[in-house]
Amino acid sequence: ETGVTQTPRHLVMGMTNKKSLKCEQHLGHNAMYWYKQSAKKPLELMFVYSLEERVENNSVPSRFSPECPNSSHLFLHLHTLQPEDSALYLCASSLLAGGGTGELFFGEGSRLTVL
Amino acid sequence: DAKTTQPPSMDCAEGRAANLPCNHSTISGNEYVYWYRQIHSQGPQYIIHGLKNNETNEMASLIITEDRKSSTLILPHATLRDTAVYYCIVRVAGGNQGGKLIFGQGTELSVKP
């Protein structure tokens, strides 16, 4: 138990569906992240939120839409995805700098399959 | 952030020490060395980090060379549950971007009975 909870753990969706991934952290952290891990590939950083503001967007297609309503919750809204978007989506959180060591706490991930 | 180089895979006998090397020859003076591991189909797990001095915690030891161009993660008594992909990452600690980490391919460690 890392203190970062992701739901759902598994999701199957069609290319025309709209779904959302949810992440919640109970650690009092102020930074949250979305990473994507495709088969046999390294983790790819998608989005970074610091104090609920997006500070990084790594050229992610607009069919992925993040939302951070408060420092404890992070969503990834999905619409009109492609089969190649099938992957493990990982959420993480960390303390902000200014004393933070930069250690990231990851959730278990949401396994997405796009048909 | 500096790039790291790790062997793609390693084997280790159960109960023996696992020594995982990492080269980071372009590391800057303010960059830390972090190690994470990822057990199959789970999220990565923080193991240890260091700047200059060797570090030890309940999971592992981190040995950093004097010139800081390479490091070794040591699992003193590897168990089957230590089978995972181990990532060595260098980054600047601090700053307004919190703990942004860039992962490479890592080393796939297989602990065998």
# chains A, B, ... in the order shown; residues from 1 in each chain; ligands from 1

call {"tool": "interface_residues", "arguments": {"of": "chain A", "to": "chain B", "cutoff": "9 Å", "atoms": "only C-alpha atoms", "output": "MDAnalysis selection string"}}
result
chainID A and resid 2 30:33 40:45 48:50 55:56 88 90:109 111

call {"tool": "residues_around", "arguments": {"residues": "Cys23 of chain A", "least_positions_apart": "4", "cutoff": "8 Å", "atoms": "only C-alpha atoms", "output": "list in words"}}
result
Val4, Thr5, Gln6, Thr7, His73, Leu74, Phe75, Cys91 and Gly107 of chain A

call {"tool": "write_last_selection", "arguments": {"atoms": "N, CA, C and O atoms", "output": "PDB file, in the first residue's frame"}}
result
ATOM      1  N   VAL A   4      -1.302   5.720  -2.753  1.00  0.00           N
ATOM      2  CA  VAL A   4      -1.823   6.222  -4.020  1.00  0.00           C
ATOM      3  C   VAL A   4      -2.742   5.141  -4.591  1.00  0.00           C
ATOM      4  O   VAL A   4      -2.288   4.013  -4.827  1.00  0.00           O
ATOM      5  N   THR A   5      -3.991   5.499  -4.801  1.00  0.00           N
ATOM      6  CA  THR A   5      -5.005   4.532  -5.247  1.00  0.00           C
ATOM      7  C   THR A   5      -5.507   4.912  -6.625  1.00  0.00           C
ATOM      8  O   THR A   5      -5.896   6.067  -6.858  1.00  0.00           O
ATOM      9  N   GLN A   6      -5.493   3.922  -7.522  1.00  0.00           N
ATOM     10  CA  GLN A   6      -5.977   4.161  -8.881  1.00  0.00           C
ATOM     11  C   GLN A   6      -7.192   3.285  -9.159  1.00  0.00           C
ATOM     12  O   GLN A   6      -7.200   2.102  -8.796  1.00  0.00           O
ATOM     13  N   THR A   7      -8.182   3.873  -9.820  1.00  0.00           N
ATOM     14  CA  THR A   7      -9.356   3.115 -10.253  1.00  0.00           C
ATOM     15  C   THR A   7      -9.760   3.570 -11.658  1.00  0.00           C
ATOM     16  O   THR A   7      -9.550   4.746 -12.010  1.00  0.00           O
ATOM     17  N   HIS A  73      -6.524  14.597  -5.795  1.00  0.00           N
ATOM     18  CA  HIS A  73      -7.185  13.854  -6.859  1.00  0.00           C
ATOM     19  C   HIS A  73      -6.660  14.253  -8.227  1.00  0.00           C
ATOM     20  O   HIS A  73      -6.406  15.429  -8.497  1.00  0.00           O
ATOM     21  N   LEU A  74      -6.540  13.262  -9.069  1.00  0.00           N
ATOM     22  CA  LEU A  74      -6.089  13.470 -10.440  1.00  0.00           C
ATOM     23  C   LEU A  74      -6.892  12.547 -11.340  1.00  0.00           C
ATOM     24  O   LEU A  74      -7.077  11.376 -11.017  1.00  0.00           O
ATOM     25  N   PHE A  75      -7.373  13.093 -12.445  1.00  0.00           N
ATOM     26  CA  PHE A  75      -8.138  12.300 -13.397  1.00  0.00           C
ATOM     27  C   PHE A  75      -7.439  12.341 -14.752  1.00  0.00           C
ATOM     28  O   PHE A  75      -6.718  13.276 -15.080  1.00  0.00           O
ATOM     29  N   CYS A  91      -0.267   6.494 -12.058  1.00  0.00           N
ATOM     30  CA  CYS A  91      -0.340   7.770 -11.367  1.00  0.00           C
ATOM     31  C   CYS A  91       0.714   7.778 -10.263  1.00  0.00           C
ATOM     32  O   CYS A  91       1.018   6.730  -9.670  1.00  0.00           O
ATOM     33  N   GLY A 107       0.879   4.543  -7.826  1.00  0.00           N
ATOM     34  CA  GLY A 107      -0.234   3.634  -7.669  1.00  0.00           C
ATOM     35  C   GLY A 107       0.032   2.333  -8.398  1.00  0.00           C
ATOM     36  O   GLY A 107       1.094   2.154  -9.016  1.00  0.00           O
TER      37      GLY A 107
END

call {"tool": "select_by_dssp", "arguments": {"residues": "chain A", "states": "strand (DSSP E)", "output": "compact mmCIF listing (two decimals) with N, CA, C and O atoms, in the first residue's frame"}}
result
# COMPACT_ATOMS: atom_id res chain seq x y z
N VAL A 4 -1.30 5.72 -2.75
CA VAL A 4 -1.82 6.22 -4.02
C VAL A 4 -2.74 5.14 -4.59
O VAL A 4 -2.29 4.01 -4.83
N THR A 5 -3.99 5.50 -4.80
CA THR A 5 -5.01 4.53 -5.25
C THR A 5 -5.51 4.91 -6.63
O THR A 5 -5.90 6.07 -6.86
N GLN A 6 -5.49 3.92 -7.52
CA GLN A 6 -5.98 4.16 -8.88
C GLN A 6 -7.19 3.29 -9.16
O GLN A 6 -7.20 2.10 -8.80
N THR A 7 -8.18 3.87 -9.82
CA THR A 7 -9.36 3.12 -10.25
C THR A 7 -9.76 3.57 -11.66
O THR A 7 -9.55 4.75 -12.01
N HIS A 10 -8.59 -2.18 -14.21
CA HIS A 10 -8.65 -2.67 -15.59
C HIS A 10 -9.81 -1.98 -16.28
O HIS A 10 -10.88 -1.81 -15.70
N LEU A 11 -9.59 -1.61 -17.54
CA LEU A 11 -10.63 -0.95 -18.32
C LEU A 11 -10.51 -1.38 -19.77
O LEU A 11 -9.41 -1.34 -20.35
N VAL A 12 -11.63 -1.79 -20.34
CA VAL A 12 -11.70 -2.11 -21.76
C VAL A 12 -12.69 -1.13 -22.37
O VAL A 12 -13.81 -0.97 -21.88
N MET A 13 -12.29 -0.48 -23.43
CA MET A 13 -13.18 0.49 -24.05
C MET A 13 -13.04 0.46 -25.57
O MET A 13 -11.99 0.08 -26.11
N LYS A 18 -16.12 7.24 -24.11
CA LYS A 18 -15.47 8.21 -23.24
C LYS A 18 -15.40 7.60 -21.84
O LYS A 18 -16.43 7.16 -21.32
N LYS A 19 -14.21 7.57 -21.28
CA LYS A 19 -14.03 7.02 -19.94
C LYS A 19 -13.04 7.89 -19.19
O LYS A 19 -12.37 8.75 -19.77
N SER A 20 -12.92 7.65 -17.89
CA SER A 20 -11.96 8.39 -17.07
C SER A 20 -11.22 7.45 -16.14
O SER A 20 -11.80 6.50 -15.61
N LEU A 21 -9.96 7.76 -15.94
CA LEU A 21 -9.15 7.09 -14.92
C LEU A 21 -9.05 8.04 -13.73
O LEU A 21 -8.91 9.25 -13.90
N LYS A 22 -9.09 7.45 -12.55
CA LYS A 22 -9.04 8.25 -11.33
C LYS A 22 -7.84 7.87 -10.48
O LYS A 22 -7.48 6.70 -10.40
N CYS A 23 -7.26 8.87 -9.86
CA CYS A 23 -6.14 8.66 -8.94
C CYS A 23 -6.37 9.49 -7.69
O CYS A 23 -6.77 10.66 -7.77
N GLU A 24 -6.13 8.90 -6.55
CA GLU A 24 -6.29 9.59 -5.28
C GLU A 24 -5.09 9.30 -4.39
O GLU A 24 -4.67 8.15 -4.28
N GLN A 25 -4.54 10.34 -3.78
CA GLN A 25 -3.42 10.11 -2.87
C GLN A 25 -3.76 10.64 -1.48
O GLN A 25 -4.41 11.69 -1.33
N ALA A 31 2.24 17.41 -5.61
CA ALA A 31 2.52 17.17 -7.02
C ALA A 31 1.98 15.81 -7.42
O ALA A 31 2.11 14.84 -6.67
N MET A 32 1.36 15.75 -8.59
CA MET A 32 0.83 14.49 -9.09
C MET A 32 1.18 14.33 -10.56
O MET A 32 1.37 15.32 -11.28
N TYR A 33 1.29 13.08 -11.00
CA TYR A 33 1.83 12.77 -12.32
C TYR A 33 1.00 11.68 -12.98
O TYR A 33 0.50 10.77 -12.32
N TRP A 34 0.94 11.71 -14.32
CA TRP A 34 0.48 10.57 -15.11
C TRP A 34 1.65 10.07 -15.95
O TRP A 34 2.30 10.87 -16.64
N TYR A 35 1.88 8.75 -15.89
CA TYR A 35 2.85 8.09 -16.74
C TYR A 35 2.11 7.04 -17.57
O TYR A 35 1.13 6.45 -17.11
N LYS A 36 2.65 6.78 -18.75
CA LYS A 36 2.12 5.71 -19.60
C LYS A 36 3.21 4.67 -19.79
O LYS A 36 4.38 5.02 -20.03
N GLN A 37 2.85 3.40 -19.69
CA GLN A 37 3.80 2.32 -19.92
C GLN A 37 3.22 1.34 -20.93
O GLN A 37 2.34 0.54 -20.61
N GLU A 44 6.68 6.51 -19.82
CA GLU A 44 6.71 7.82 -20.47
C GLU A 44 5.92 8.81 -19.61
O GLU A 44 4.76 8.57 -19.29
N LEU A 45 6.57 9.91 -19.27
CA LEU A 45 5.88 10.94 -18.50
C LEU A 45 4.89 11.66 -19.41
O LEU A 45 5.24 12.11 -20.50
N MET A 46 3.62 11.76 -18.94
CA MET A 46 2.59 12.42 -19.73
C MET A 46 2.31 13.83 -19.21
O MET A 46 2.39 14.80 -19.94
N PHE A 47 1.93 13.90 -17.95
CA PHE A 47 1.52 15.17 -17.36
C PHE A 47 2.07 15.29 -15.94
O PHE A 47 2.22 14.30 -15.24
N VAL A 48 2.34 16.56 -15.56
CA VAL A 48 2.75 16.86 -14.20
C VAL A 48 1.88 17.99 -13.68
O VAL A 48 1.70 19.01 -14.37
N TYR A 49 1.35 17.81 -12.49
CA TYR A 49 0.59 18.86 -11.82
C TYR A 49 1.29 19.23 -10.52
O TYR A 49 1.71 18.36 -9.76
N SER A 50 1.44 20.53 -10.30
CA SER A 50 2.02 21.03 -9.07
C SER A 50 1.05 22.02 -8.47
O SER A 50 0.71 23.02 -9.11
N GLU A 53 -1.87 22.94 -10.62
CA GLU A 53 -1.63 23.58 -11.92
C GLU A 53 -0.77 22.65 -12.76
O GLU A 53 0.21 22.09 -12.29
N ARG A 54 -1.15 22.55 -14.04
CA ARG A 54 -0.36 21.70 -14.93
C ARG A 54 0.95 22.39 -15.25
O ARG A 54 0.97 23.52 -15.75
N VAL A 55 2.05 21.74 -14.94
CA VAL A 55 3.36 22.33 -15.19
C VAL A 55 4.10 21.64 -16.32
O VAL A 55 5.14 22.11 -16.77
N GLU A 56 3.58 20.52 -16.78
CA GLU A 56 4.22 19.83 -17.89
C GLU A 56 3.18 19.04 -18.66
O GLU A 56 2.31 18.40 -18.09
N ASN A 57 3.32 19.10 -19.98
CA ASN A 57 2.47 18.33 -20.89
C ASN A 57 3.39 17.87 -22.00
O ASN A 57 3.78 18.65 -22.86
N PHE A 64 -6.29 12.63 -24.71
CA PHE A 64 -6.04 12.46 -23.28
C PHE A 64 -6.17 13.82 -22.62
O PHE A 64 -5.43 14.75 -22.96
N SER A 65 -7.07 13.93 -21.66
CA SER A 65 -7.32 15.21 -21.03
C SER A 65 -7.21 15.07 -19.52
O SER A 65 -8.06 14.42 -18.89
N PRO A 66 -6.19 15.64 -18.89
CA PRO A 66 -6.05 15.51 -17.44
C PRO A 66 -6.86 16.57 -16.70
O PRO A 66 -7.19 17.62 -17.24
N GLU A 67 -7.17 16.23 -15.47
CA GLU A 67 -7.88 17.18 -14.60
C GLU A 67 -7.39 16.98 -13.18
O GLU A 67 -7.31 15.84 -12.71
N CYS A 68 -7.10 18.07 -12.49
CA CYS A 68 -6.63 17.99 -11.10
C CYS A 68 -7.47 18.96 -10.27
O CYS A 68 -7.09 20.12 -10.10
N PRO A 69 -8.61 18.51 -9.76
CA PRO A 69 -9.51 19.41 -9.04
C PRO A 69 -8.98 19.86 -7.69
O PRO A 69 -9.35 20.94 -7.21
N ASN A 70 -8.13 19.06 -7.08
CA ASN A 70 -7.48 19.43 -5.82
C ASN A 70 -6.21 18.61 -5.70
O ASN A 70 -5.95 17.71 -6.52
N HIS A 73 -6.52 14.60 -5.79
CA HIS A 73 -7.18 13.85 -6.86
C HIS A 73 -6.66 14.25 -8.23
O HIS A 73 -6.41 15.43 -8.50
N LEU A 74 -6.54 13.26 -9.07
CA LEU A 74 -6.09 13.47 -10.44
C LEU A 74 -6.89 12.55 -11.34
O LEU A 74 -7.08 11.38 -11.02
N PHE A 75 -7.37 13.09 -12.45
CA PHE A 75 -8.14 12.30 -13.40
C PHE A 75 -7.44 12.34 -14.75
O PHE A 75 -6.72 13.28 -15.08
N LEU A 76 -7.69 11.29 -15.53
CA LEU A 76 -7.29 11.28 -16.93
C LEU A 76 -8.51 10.91 -17.74
O LEU A 76 -8.98 9.78 -17.68
N HIS A 77 -9.06 11.90 -18.45
CA HIS A 77 -10.25 11.68 -19.27
C HIS A 77 -9.82 11.19 -20.64
O HIS A 77 -8.91 11.75 -21.26
N LEU A 78 -10.51 10.15 -21.11
CA LEU A 78 -10.14 9.47 -22.34
C LEU A 78 -11.29 9.55 -23.34
O LEU A 78 -12.44 9.26 -22.98
N HIS A 79 -11.01 9.92 -24.58
CA HIS A 79 -12.06 9.93 -25.59
C HIS A 79 -11.46 9.69 -26.95
O HIS A 79 -10.38 10.16 -27.28
N ALA A 87 -2.35 0.41 -22.78
CA ALA A 87 -1.13 0.48 -21.98
C ALA A 87 -1.50 0.43 -20.50
O ALA A 87 -2.68 0.44 -20.14
N LEU A 88 -0.48 0.44 -19.68
CA LEU A 88 -0.66 0.60 -18.24
C LEU A 88 -0.47 2.09 -17.92
O LEU A 88 0.57 2.66 -18.26
N TYR A 89 -1.48 2.70 -17.33
CA TYR A 89 -1.39 4.11 -16.97
C TYR A 89 -1.16 4.22 -15.48
O TYR A 89 -1.95 3.73 -14.66
N LEU A 90 -0.06 4.88 -15.15
CA LEU A 90 0.38 4.95 -13.76
C LEU A 90 0.28 6.38 -13.25
O LEU A 90 0.71 7.32 -13.91
N CYS A 91 -0.27 6.49 -12.06
CA CYS A 91 -0.34 7.77 -11.37
C CYS A 91 0.71 7.78 -10.26
O CYS A 91 1.02 6.73 -9.67
N ALA A 92 1.27 8.93 -10.00
CA ALA A 92 2.25 9.05 -8.92
C ALA A 92 2.07 10.40 -8.23
O ALA A 92 1.48 11.33 -8.79
N SER A 93 2.58 10.50 -7.02
CA SER A 93 2.56 11.77 -6.32
C SER A 93 3.89 11.97 -5.62
O SER A 93 4.65 11.02 -5.39
N SER A 94 4.18 13.23 -5.29
CA SER A 94 5.39 13.55 -4.55
C SER A 94 5.20 14.85 -3.80
O SER A 94 4.33 15.66 -4.14
N PHE A 105 5.73 8.31 -5.26
CA PHE A 105 4.93 7.18 -4.81
C PHE A 105 3.94 6.86 -5.92
O PHE A 105 3.15 7.71 -6.31
N PHE A 106 4.00 5.63 -6.41
CA PHE A 106 3.17 5.23 -7.53
C PHE A 106 1.98 4.41 -7.07
O PHE A 106 2.05 3.66 -6.10
N SER A 110 -3.62 1.54 -13.94
CA SER A 110 -4.87 1.15 -14.59
C SER A 110 -4.51 0.55 -15.94
O SER A 110 -3.90 1.23 -16.78
N ARG A 111 -4.85 -0.71 -16.14
CA ARG A 111 -4.55 -1.40 -17.39
C ARG A 111 -5.66 -1.12 -18.38
O ARG A 111 -6.80 -1.53 -18.17
N LEU A 112 -5.34 -0.38 -19.43
CA LEU A 112 -6.33 0.04 -20.43
C LEU A 112 -6.18 -0.76 -21.71
O LEU A 112 -5.06 -0.88 -22.23
N THR A 113 -7.28 -1.28 -22.20
CA THR A 113 -7.31 -1.96 -23.49
C THR A 113 -8.32 -1.25 -24.38
O THR A 113 -9.49 -1.10 -24.00
N VAL A 114 -7.87 -0.80 -25.54
CA VAL A 114 -8.74 -0.12 -26.50
C VAL A 114 -9.00 -1.07 -27.66
O VAL A 114 -8.06 -1.53 -28.32

call {"tool": "residues_around", "arguments": {"residues": "His24 of chain B", "least_positions_apart": "6", "cutoff": "9 Å", "atoms": "only C-alpha atoms", "output": "CSV table (one decimal) with N, CA and C atoms, in the first residue's frame"}}
result
chain,number,residue,atom,x,y,z
B,2,ALA,N,20.9,13.9,-16.5
B,2,ALA,CA,21.9,13.1,-17.1
B,2,ALA,C,21.3,11.8,-17.5
B,3,LYS,N,21.9,11.1,-18.5
B,3,LYS,CA,21.5,9.8,-19.0
B,3,LYS,C,22.2,8.7,-18.2
B,4,THR,N,21.5,7.6,-18.1
B,4,THR,CA,22.1,6.5,-17.4
B,4,THR,C,22.2,5.3,-18.3
B,5,THR,N,23.1,4.4,-18.1
B,5,THR,CA,23.3,3.2,-18.8
B,5,THR,C,23.3,2.0,-17.9
B,33,VAL,N,21.4,10.4,-7.6
B,33,VAL,CA,21.1,9.1,-8.2
B,33,VAL,C,20.0,8.4,-7.4
B,68,ARG,N,31.6,9.9,-9.1
B,68,ARG,CA,30.2,9.9,-9.2
B,68,ARG,C,29.7,9.5,-10.6
B,69,LYS,N,30.6,9.0,-11.4
B,69,LYS,CA,30.3,8.6,-12.8
B,69,LYS,C,29.6,7.2,-12.9
B,70,SER,N,29.6,6.5,-11.8
B,70,SER,CA,28.8,5.2,-11.8
B,70,SER,C,28.4,4.9,-10.3
B,71,SER,N,27.5,4.0,-10.3
B,71,SER,CA,27.0,3.5,-8.9
B,71,SER,C,26.6,2.1,-9.0
B,89,ILE,N,18.2,6.3,-12.1
B,89,ILE,CA,17.8,7.6,-12.6
B,89,ILE,C,18.6,8.7,-12.0
B,90,VAL,N,19.0,9.6,-12.7
B,90,VAL,CA,19.7,10.8,-12.1
B,90,VAL,C,18.9,12.0,-12.4
